[in-house]
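Next comes my_file.txt, a file with compact mmCIF, C-alpha atoms.
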```txt
# COMPACT_ATOMS: atom_id res chain seq x y z
CA MET G 25 11.96 -17.19 -2.40
CA ALA G 26 15.58 -16.09 -2.41
CA TYR G 27 16.72 -12.97 -4.20
CA SER G 28 18.54 -13.48 -7.48
CA ASP G 29 22.31 -12.89 -7.57
CA LYS G 30 21.78 -9.69 -9.51
CA VAL G 31 19.43 -8.29 -6.89
CA VAL G 32 21.88 -9.16 -4.13
CA ASP G 33 24.71 -7.56 -6.10
CA HIS G 34 22.82 -4.29 -6.59
CA PHE G 35 21.72 -4.35 -2.98
CA ASN G 36 25.24 -4.82 -1.66
CA ASN G 37 26.88 -2.51 -4.19
CA PRO G 38 24.23 0.01 -5.17
CA ARG G 39 25.25 2.02 -8.23
CA ASN G 40 24.80 5.76 -8.34
CA MET G 41 23.41 6.22 -4.88
CA GLY G 42 23.03 9.84 -3.86
CA SER G 43 21.35 12.96 -5.13
CA PHE G 44 21.72 16.15 -7.14
CA LYS G 45 20.49 19.56 -6.12
CA LYS G 46 16.88 19.75 -7.29
CA ASP G 47 17.20 23.26 -8.72
CA GLU G 48 20.42 22.51 -10.59
CA ASP G 49 20.28 23.10 -14.34
CA GLY G 50 19.21 20.09 -16.37
CA VAL G 51 18.24 18.03 -13.33
CA GLY G 52 14.93 16.19 -13.27
CA THR G 53 13.67 14.67 -10.05
CA GLY G 54 11.16 11.85 -9.70
CA MET G 55 9.81 11.02 -6.31
CA VAL G 56 7.42 8.11 -5.97
CA GLY G 57 6.09 5.83 -3.30
CA ALA G 58 4.23 2.56 -3.02
CA PRO G 59 1.38 3.02 -0.57
CA GLU G 60 0.96 -0.76 -0.30
CA CYS G 61 4.36 -1.39 1.25
CA GLY G 62 5.58 2.06 2.30
CA ASP G 63 8.59 2.09 -0.04
CA VAL G 64 9.88 5.46 -1.16
CA MET G 65 12.07 6.09 -4.19
CA LYS G 66 13.81 9.19 -5.44
CA LEU G 67 15.41 9.10 -8.87
CA GLN G 68 17.20 11.98 -10.51
CA ILE G 69 18.63 12.54 -13.97
CA LYS G 70 21.07 15.14 -15.22
CA VAL G 71 20.53 16.05 -18.84
CA GLN G 72 22.82 17.78 -21.31
CA ASN G 73 21.87 18.23 -24.98
CA ASP G 74 18.98 15.81 -24.69
CA THR G 75 21.20 13.08 -23.28
CA ILE G 76 21.21 11.79 -19.74
CA VAL G 77 24.78 12.26 -18.58
CA ASP G 78 24.27 11.18 -15.00
CA ALA G 79 21.64 9.59 -12.79
CA LYS G 80 21.30 9.10 -9.06
CA PHE G 81 18.85 7.44 -6.75
CA LYS G 82 17.89 7.10 -3.13
CA THR G 83 15.49 4.38 -2.10
CA PHE G 84 14.00 3.43 1.19
CA GLY G 85 12.53 0.00 0.82
CA CYS G 86 13.16 -3.67 0.27
CA GLY G 87 16.09 -5.22 -1.60
CA SER G 88 14.15 -5.48 -4.85
CA ALA G 89 13.16 -1.82 -4.76
CA ILE G 90 16.78 -0.79 -4.17
CA ALA G 91 18.04 -3.10 -6.92
CA SER G 92 15.35 -1.88 -9.36
CA SER G 93 16.26 1.76 -8.88
CA SER G 94 19.98 1.05 -8.90
CA LEU G 95 19.64 -0.81 -12.20
CA ALA G 96 17.44 1.98 -13.58
CA THR G 97 20.14 4.60 -13.00
CA GLU G 98 22.70 2.37 -14.72
CA TRP G 99 20.45 2.03 -17.73
CA LEU G 100 19.56 5.71 -17.86
CA LYS G 101 23.12 6.95 -18.19
CA GLY G 102 24.00 7.71 -21.79
CA LYS G 103 20.42 7.37 -23.04
CA THR G 104 18.55 10.17 -24.79
CA ILE G 105 15.30 11.38 -23.29
CA GLU G 106 13.38 9.47 -25.90
CA GLU G 107 15.28 6.25 -25.28
CA ALA G 108 14.74 6.64 -21.55
CA GLN G 109 10.98 6.84 -22.10
CA GLN G 110 11.12 3.34 -23.54
CA ILE G 111 12.40 1.65 -20.38
CA LYS G 112 9.68 -0.68 -19.13
CA ASN G 113 9.24 -2.31 -15.78
CA THR G 114 9.16 -5.68 -17.52
CA ASP G 115 12.76 -5.09 -18.67
CA ILE G 116 13.75 -4.66 -15.03
CA VAL G 117 11.80 -7.75 -13.98
CA GLN G 118 13.59 -9.76 -16.62
CA GLU G 119 17.07 -8.45 -15.86
CA LEU G 120 16.75 -8.93 -12.10
CA ASN G 121 14.67 -12.07 -12.25
CA LEU G 122 12.09 -10.64 -9.88
CA PRO G 123 9.45 -13.01 -8.47
CA PRO G 124 5.77 -12.06 -8.97
CA VAL G 125 5.39 -10.60 -5.48
CA LYS G 126 8.19 -8.14 -6.23
CA ILE G 127 6.98 -6.91 -9.59
CA HIS G 128 5.52 -3.79 -7.97
CA CYS G 129 9.10 -2.74 -7.11
CA SER G 130 9.95 -2.57 -10.81
CA VAL G 131 6.73 -0.65 -11.47
CA LEU G 132 7.86 1.82 -8.85
CA ALA G 133 11.19 2.23 -10.66
CA GLU G 134 9.45 2.82 -13.98
CA ASP G 135 7.17 5.39 -12.33
CA ALA G 136 10.24 7.09 -10.89
CA ILE G 137 11.90 7.29 -14.33
CA LYS G 138 8.72 8.72 -15.84
CA ALA G 139 8.40 11.24 -13.03
CA ALA G 140 12.03 12.35 -13.37
CA LEU G 141 11.66 12.76 -17.14
CA ALA G 142 8.42 14.70 -16.72
CA ASP G 143 10.03 16.95 -14.13
CA TYR G 144 12.96 17.61 -16.44
CA GLN G 145 10.64 18.40 -19.36
CA LYS G 146 8.60 20.73 -17.22
CA LYS G 147 11.70 22.59 -16.11
CA ALA G 148 13.11 22.69 -19.64
CA ASP G 149 9.84 24.00 -21.11
CA GLY G 150 9.68 26.69 -18.49
CA GLN G 151 13.08 28.04 -19.42
CA PRO G 152 13.67 29.72 -22.76
CA SER G 153 16.30 27.81 -24.68
CA ASP G 154 19.47 29.82 -25.28
CA THR G 155 21.29 27.30 -27.39
CA LYS G 156 19.57 27.84 -30.73
CA MET L 17 -27.09 -12.81 -0.14
CA ALA L 18 -26.76 -12.80 -3.89
CA ARG L 19 -27.74 -16.41 -4.35
CA SER L 20 -30.80 -17.56 -6.16
CA MET L 21 -31.01 -21.34 -6.33
CA CYS L 22 -30.14 -24.13 -3.91
CA TRP L 23 -27.37 -26.34 -5.34
CA HIS L 24 -29.14 -29.38 -3.91
CA CYS L 25 -32.90 -29.07 -4.32
CA GLN L 26 -32.94 -26.26 -6.90
CA SER L 27 -35.53 -24.32 -5.01
CA ALA L 28 -35.15 -20.60 -4.47
CA VAL L 29 -32.94 -19.89 -1.49
CA THR L 30 -34.57 -17.58 0.98
CA GLY L 31 -32.51 -18.37 4.07
CA GLU L 32 -29.24 -16.57 4.67
CA TYR L 33 -26.74 -19.43 4.75
CA PHE L 34 -28.97 -22.46 4.39
CA CYS L 35 -31.69 -23.57 2.01
CA GLU L 36 -34.93 -23.34 3.90
CA ARG L 37 -36.46 -26.27 2.11
CA CYS L 38 -33.78 -28.97 2.22
CA VAL L 39 -31.68 -27.42 5.01
CA LYS L 40 -28.42 -27.77 3.06
CA VAL L 41 -25.59 -25.33 3.66
CA GLN L 42 -25.12 -22.86 0.79
CA PRO L 43 -21.77 -21.68 -0.54
CA VAL L 44 -20.90 -18.07 0.15
CA SER L 45 -20.67 -16.57 -3.31
CA LYS L 46 -17.31 -15.24 -4.48
CA GLU L 47 -18.94 -11.89 -5.21
CA THR L 48 -20.14 -11.54 -1.64
CA ASP L 49 -18.18 -8.81 0.06
CA TYR L 50 -16.82 -9.32 3.57
CA PHE L 51 -19.34 -6.95 5.13
CA THR L 52 -22.28 -8.89 3.71
CA CYS L 53 -20.58 -12.17 4.56
CA LEU L 54 -20.48 -11.20 8.23
CA GLY L 55 -23.92 -9.61 8.10
CA PHE L 56 -22.75 -6.03 8.69
CA PRO L 57 -23.58 -2.88 6.77
CA ARG L 58 -20.77 -1.29 4.75
CA ARG L 59 -19.57 1.05 7.46
CA LEU L 60 -16.15 2.05 8.73
CA THR L 61 -17.04 2.14 12.38
CA LEU L 62 -18.05 -1.30 13.59
CA ASP L 63 -18.42 -2.54 17.12
CA PRO L 64 -15.57 -5.03 17.61
CA LYS L 65 -17.56 -7.03 20.17
CA GLN L 66 -20.50 -7.45 17.82
CA LEU L 67 -18.16 -8.35 15.01
CA GLU L 68 -16.43 -10.97 17.12
CA ALA L 69 -19.74 -12.43 18.32
CA LYS L 70 -20.99 -12.75 14.75
CA PHE L 71 -17.71 -14.33 13.69
CA TYR L 72 -17.94 -16.97 16.41
CA GLU L 73 -21.55 -17.65 15.58
CA LEU L 74 -20.79 -18.17 11.90
CA SER L 75 -17.65 -20.16 12.70
CA ARG L 76 -19.84 -22.65 14.51
CA THR L 77 -22.23 -22.62 11.58
CA PHE L 78 -19.60 -23.40 8.99
CA HIS L 79 -16.86 -25.24 10.86
CA PRO L 80 -15.81 -28.36 8.90
CA ASP L 81 -15.83 -30.41 12.12
CA PHE L 82 -19.62 -30.21 12.16
CA TYR L 83 -19.83 -31.54 8.62
CA GLN L 84 -17.94 -34.80 9.06
CA THR L 85 -21.07 -36.88 8.78
CA LYS L 86 -22.47 -34.90 5.87
CA THR L 87 -22.03 -35.44 2.14
CA PRO L 88 -18.72 -34.55 0.43
CA ALA L 89 -20.45 -31.65 -1.35
CA GLU L 90 -21.51 -30.15 1.97
CA GLN L 91 -18.06 -30.74 3.44
CA THR L 92 -16.48 -28.83 0.57
CA ILE L 93 -18.91 -25.96 1.00
CA SER L 94 -18.33 -25.75 4.74
CA LEU L 95 -14.57 -25.69 4.21
CA GLY L 96 -14.83 -22.95 1.58
CA ASN L 97 -17.19 -20.87 3.69
CA ALA L 98 -15.02 -21.22 6.78
CA ALA L 99 -12.02 -19.96 4.81
CA VAL L 100 -13.90 -16.96 3.43
CA LEU L 101 -15.23 -16.23 6.89
CA ASN L 102 -11.74 -16.22 8.41
CA THR L 103 -10.40 -13.83 5.79
CA ALA L 104 -13.45 -11.62 6.14
CA TYR L 105 -13.05 -11.40 9.90
CA ARG L 106 -9.31 -10.78 9.74
CA THR L 107 -9.88 -7.94 7.29
CA LEU L 108 -12.76 -6.25 9.06
CA ARG L 109 -11.38 -6.64 12.57
CA ASP L 110 -8.61 -4.11 11.94
CA PRO L 111 -9.94 -0.57 11.29
CA ILE L 112 -7.14 0.27 8.85
CA GLN L 113 -7.48 -2.94 6.84
CA ARG L 114 -11.24 -2.49 6.93
CA ALA L 115 -10.88 0.99 5.44
CA GLU L 116 -8.44 -0.21 2.77
CA TYR L 117 -10.89 -2.94 1.88
CA LEU L 118 -13.87 -0.62 1.73
CA LEU L 119 -11.95 1.83 -0.44
CA GLY L 120 -11.20 -1.04 -2.78
CA LEU L 121 -14.91 -1.93 -2.96
CA GLU L 122 -16.02 1.65 -3.48
CA THR L 123 -13.52 2.55 -6.15
CA GLY L 124 -12.96 -0.76 -7.94
CA SER L 125 -9.26 -0.57 -7.39
CA VAL L 126 -7.61 1.55 -4.74
CA LYS L 127 -5.17 2.81 -7.36
CA ASP L 128 -8.05 4.39 -9.30
CA ILE L 129 -8.10 7.30 -6.92
CA ARG L 130 -5.61 9.85 -8.18
CA THR L 131 -3.46 11.05 -5.38
CA SER L 132 -0.62 13.47 -5.28
CA PRO L 133 2.53 11.89 -3.88
CA PRO L 134 3.49 13.58 -0.61
CA ALA L 135 6.84 15.00 -1.80
CA ASP L 136 7.68 16.65 1.52
CA LEU L 137 7.11 13.46 3.45
CA PHE L 138 9.26 11.52 0.96
CA GLU L 139 12.12 14.01 1.30
CA GLU L 140 11.86 13.74 5.05
CA ILE L 141 11.90 9.95 4.98
CA LEU L 142 14.92 9.83 2.69
CA GLU L 143 16.82 12.34 4.81
CA LEU L 144 16.03 10.37 7.91
CA GLN L 145 17.21 7.28 6.11
CA ASP L 146 20.56 9.00 5.56
CA THR L 147 20.85 9.78 9.25
CA LEU L 148 19.97 6.18 10.05
CA GLU L 149 22.70 5.02 7.70
CA GLU L 150 25.20 7.33 9.41
CA TYR L 151 24.17 5.94 12.77
CA ARG L 152 24.51 2.35 11.60
CA SER L 153 28.08 2.94 10.48
CA SER L 154 29.08 4.98 13.52
CA GLU L 155 30.56 3.73 16.78
CA ARG L 156 27.56 3.39 19.06
CA ASP L 157 29.41 4.57 22.15
CA SER L 158 31.23 7.45 20.51
CA GLN L 159 30.09 11.01 20.99
CA GLU L 160 28.99 11.13 17.36
CA GLY L 161 26.99 7.91 17.72
CA GLN L 162 25.22 9.13 20.83
CA LYS L 163 24.42 12.44 19.23
CA LEU L 164 22.87 10.70 16.22
CA ARG L 165 20.94 8.45 18.51
CA THR L 166 19.40 11.40 20.29
CA VAL L 167 18.43 12.94 16.96
CA LEU L 168 16.83 9.69 15.83
CA GLU L 169 14.97 9.22 19.10
CA THR L 170 13.48 12.69 18.78
CA GLU L 171 12.46 11.96 15.20
CA GLN L 172 10.89 8.69 16.26
CA ARG L 173 8.78 10.37 18.93
CA GLY L 174 7.69 13.04 16.47
CA LEU L 175 6.73 10.51 13.82
CA GLU L 176 4.86 8.32 16.27
CA GLN L 177 2.87 11.34 17.34
CA ARG L 178 2.11 12.18 13.72
CA LYS L 179 0.96 8.65 13.13
CA GLN L 180 -1.44 8.96 16.03
CA GLU L 181 -2.74 12.24 14.66
CA MET L 182 -3.29 10.64 11.28
CA GLU L 183 -5.20 7.82 12.90
CA ALA L 184 -7.36 10.27 14.83
CA GLN L 185 -8.03 12.16 11.63
CA LEU L 186 -8.89 8.91 9.85
CA GLN L 187 -11.31 8.08 12.62
CA ARG L 188 -13.06 11.40 12.03
CA LEU L 189 -13.28 10.69 8.31
CA PHE L 190 -14.64 7.20 9.05
CA THR L 191 -17.43 8.77 11.10
CA GLU L 192 -18.16 11.31 8.37
CA TRP L 193 -18.29 8.55 5.79
CA ASP L 194 -20.70 6.49 7.86
CA GLN L 195 -22.95 9.48 8.43
CA LEU L 196 -23.01 10.15 4.71
CA GLN L 197 -23.97 6.52 4.07
CA ASP L 198 -26.66 6.61 6.74
CA ARG L 199 -28.26 9.63 5.11
CA GLY L 200 -28.41 7.63 1.88
CA GLU L 201 -29.05 10.60 -0.40
CA ALA L 202 -27.90 10.59 -4.00
CA THR L 203 -27.50 14.21 -4.99
CA SER L 204 -24.56 15.71 -6.84
CA GLN L 205 -23.56 17.28 -3.56
CA THR L 206 -23.36 13.97 -1.72
CA ARG L 207 -21.44 12.46 -4.63
CA ALA L 208 -18.86 15.24 -4.42
CA GLU L 209 -18.72 14.71 -0.68
CA ARG L 210 -18.23 11.00 -1.20
CA ASP L 211 -15.33 11.55 -3.61
CA ARG L 212 -13.70 14.04 -1.29
CA LEU L 213 -13.87 11.60 1.63
CA LEU L 214 -12.52 8.72 -0.44
CA LYS L 215 -9.57 10.78 -1.64
CA GLN L 216 -8.76 12.12 1.80
CA MET L 217 -8.90 8.64 3.28
CA ARG L 218 -6.74 7.28 0.48
CA ASP L 219 -4.10 9.96 1.04
CA LEU L 220 -4.08 9.52 4.78
CA LEU L 221 -3.93 5.74 4.60
CA SER L 222 -0.97 5.93 2.22
CA ASN L 223 0.89 8.49 4.28
CA ARG L 224 0.26 6.43 7.36
CA THR L 225 1.88 3.43 5.67
CA TYR L 226 4.98 5.47 4.81
CA VAL L 227 5.26 6.77 8.36
CA THR L 228 4.65 3.32 9.87
CA SER L 229 7.35 1.87 7.69
CA ILE L 230 10.02 4.42 8.67
CA VAL L 231 9.00 4.28 12.34
CA SER L 232 9.48 0.53 12.50
CA ASP L 233 12.84 0.92 10.78
CA LEU L 234 13.83 3.55 13.33
CA ALA L 235 12.66 1.43 16.22
CA ALA L 236 14.55 -1.62 14.96
CA THR L 237 17.77 0.34 14.45
CA ILE L 238 17.98 2.20 17.74
CA ALA L 239 16.44 -0.50 19.90
```
What does this structure look like when you write it as structure tokens?
Amino acid sequence: MAYSDKVVDHFNNPRNMGSFKKDEDGVGTGMVGAPECGDVMKLQIKVQNDTIVDAKFKTFGCGSAIASSSLATEWLKGKTIEEAQQIKNTDIVQELNLPPVKIHCSVLAEDAIKAALADYQKKADGQPSDTK
Amino acid sequence: MARSMCWHCQSAVTGEYFCERCVKVQPVSKETDYFTCLGFPRRLTLDPKQLEAKFYELSRTFHPDFYQTKTPAEQTISLGNAAVLNTAYRTLRDPIQRAEYLLGLETGSVKDIRTSPPADLFEEILELQDTLEEYRSSERDSQEGQKLRTVLETEQRGLEQRKQEMEAQLQRLFTEWDQLQDRGEATSQTRAERDRLLKQMRDLLSNRTYVTSIVSDLAATIA
């Protein structure tokens, strides 16, 4: 089956590729892999005042995995932490028109979002808040 | 085999693949695992020669060509059995696939074993991926391109060696697993041992997949 136009577009022009320094303030890092196919995905968010102001990703894997993570970073930007929690892999499947054999790529992206959010929370909880 | 009644004469089936009374071929049940299907115990170290011999023997038993003069019901069964047999053999022939399959049987779903993602390995793979990208966009014959190539070749050798080490380590775990099964005890100690082995195998199998994937990418790029 051929990739959808949207997948091809994200693959050829990946959005927000790159990375932040892990120990930077407000940065959450999610690193996940799919043992079935060997794909590896790193997704990072930068948070200010509970809002994701920037997101970056690096993915080693197939076109669908790259497109899923690229789309995820686009969606994450501007969302609050709570809104970001709501992103589901099925949303990605729908947007990118992924065939059944590629659904696990979107699951990987959702896992990466969750991991990045959890990492951010963990870091935030560990540091005493100086804003209030 | 987990079959109770012959589809044809309704008598209890005592034979392995055929009804002893009416001599009709019996369908291999969907619940039959590949080890049982090929008549092997659930072990991770199997003799490939024995496995192959059994596969050939059963292939002759079930091959649809030998059922051309039989009833349509028997033809359907032979076709189904031959297909199951092929998949079973393909899966068990390869030690890695065999282990993945056994892990699936032992844990319901392979994903049920909680593993910690190997963050260091992931970082390494992504960094290497960056270097690969640099190499792809560089002039191959330039000084920069040749330098990158040397770096990548060194990485490739290192990773291939690590893959071999992982496989050797897996082989040791396979042996340990089989020994544990052979002892057949059911104490809390053996259960803990069983869980430890399953988790270690799961982790190693996953890491091996990641390494294999990046190695083949490396090989394809600098070939």
task = Output the contact residues of chain G with respect to chain L at a cut-off of 10 Å, based on all atoms listed in the file, as a PyMOL selection string.
result = chain G and resi 42+54-66+82-85
Using all atoms listed in the file, give me every residue within 9 Å of (14.4, -2.6, -6.7) in file coordinates, as a tab-separated table (two decimals) with C-alpha atoms, keeping the file's coordinate frame.
```
chain	number	residue	atom	x	y	z
G	31	VAL	CA	19.43	-8.29	-6.89
G	34	HIS	CA	22.82	-4.29	-6.59
G	35	PHE	CA	21.72	-4.35	-2.98
G	83	THR	CA	15.49	4.38	-2.10
G	85	GLY	CA	12.53	0.00	0.82
G	86	CYS	CA	13.16	-3.67	0.27
G	87	GLY	CA	16.09	-5.22	-1.60
G	88	SER	CA	14.15	-5.48	-4.85
G	89	ALA	CA	13.16	-1.82	-4.76
G	90	ILE	CA	16.78	-0.79	-4.17
G	91	ALA	CA	18.04	-3.10	-6.92
G	92	SER	CA	15.35	-1.88	-9.36
G	93	SER	CA	16.26	1.76	-8.88
G	94	SER	CA	19.98	1.05	-8.90
G	95	LEU	CA	19.64	-0.81	-12.20
G	96	ALA	CA	17.44	1.98	-13.58
G	116	ILE	CA	13.75	-4.66	-15.03
G	120	LEU	CA	16.75	-8.93	-12.10
G	122	LEU	CA	12.09	-10.64	-9.88
G	126	LYS	CA	8.19	-8.14	-6.23
G	129	CYS	CA	9.10	-2.74	-7.11
G	130	SER	CA	9.95	-2.57	-10.81
G	132	LEU	CA	7.86	1.82	-8.85
G	133	ALA	CA	11.19	2.23	-10.66
```
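Excluding segment 56-63 of chain L and any residue on its chain fewer than 3 positions from it, the residues at most 9 Å away by all atoms listed in the file are L:Tyr50, L:Phe51, L:Thr52, L:Cys53, L:Gln66, L:Leu67, L:Glu68, L:Leu108, L:Arg109, L:Pro111, L:Arg114, L:Ala115, L:Leu118, L:Gln187, L:Phe190, L:Thr191, L:Trp193, L:Asp194, L:Gln197.
The interatomic distance for the pair atom CA of Val51 of chain G and atom CA of Tyr144 of chain G works out to 6.1 Å.
Rounded to one decimal, atom CA of Ser45 of chain L and atom CA of Tyr117 of chain L lie 17.6 Å from each other.
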ask   = Hey, can you check how far atom CA of Lys215 of chain L sits from atom CA of Gly120 of chain L?
value =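 Atom-to-atom, atom CA of Lys215 of chain L to atom CA of Gly120 of chain L, that is 12.0 Å.
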ask   = Excluding same-chain residues fewer than 3 positions from Tyr83 of chain L, what lies within 12 Å of it counting all atoms listed in the file, as an NGL selection string?
value = :L and (40-41 or 76-80 or 86-95 or 98)
Those residues with C-alpha atoms, as a compact mmCIF listing (two decimals), in the coordinates of the input please?
```
# COMPACT_ATOMS: atom_id res chain seq x y z
CA LYS L 40 -28.42 -27.77 3.06
CA VAL L 41 -25.59 -25.33 3.66
CA ARG L 76 -19.84 -22.65 14.51
CA THR L 77 -22.23 -22.62 11.58
CA PHE L 78 -19.60 -23.40 8.99
CA HIS L 79 -16.86 -25.24 10.86
CA PRO L 80 -15.81 -28.36 8.90
CA LYS L 86 -22.47 -34.90 5.87
CA THR L 87 -22.03 -35.44 2.14
CA PRO L 88 -18.72 -34.55 0.43
CA ALA L 89 -20.45 -31.65 -1.35
CA GLU L 90 -21.51 -30.15 1.97
CA GLN L 91 -18.06 -30.74 3.44
CA THR L 92 -16.48 -28.83 0.57
CA ILE L 93 -18.91 -25.96 1.00
CA SER L 94 -18.33 -25.75 4.74
CA LEU L 95 -14.57 -25.69 4.21
CA ALA L 98 -15.02 -21.22 6.78
```
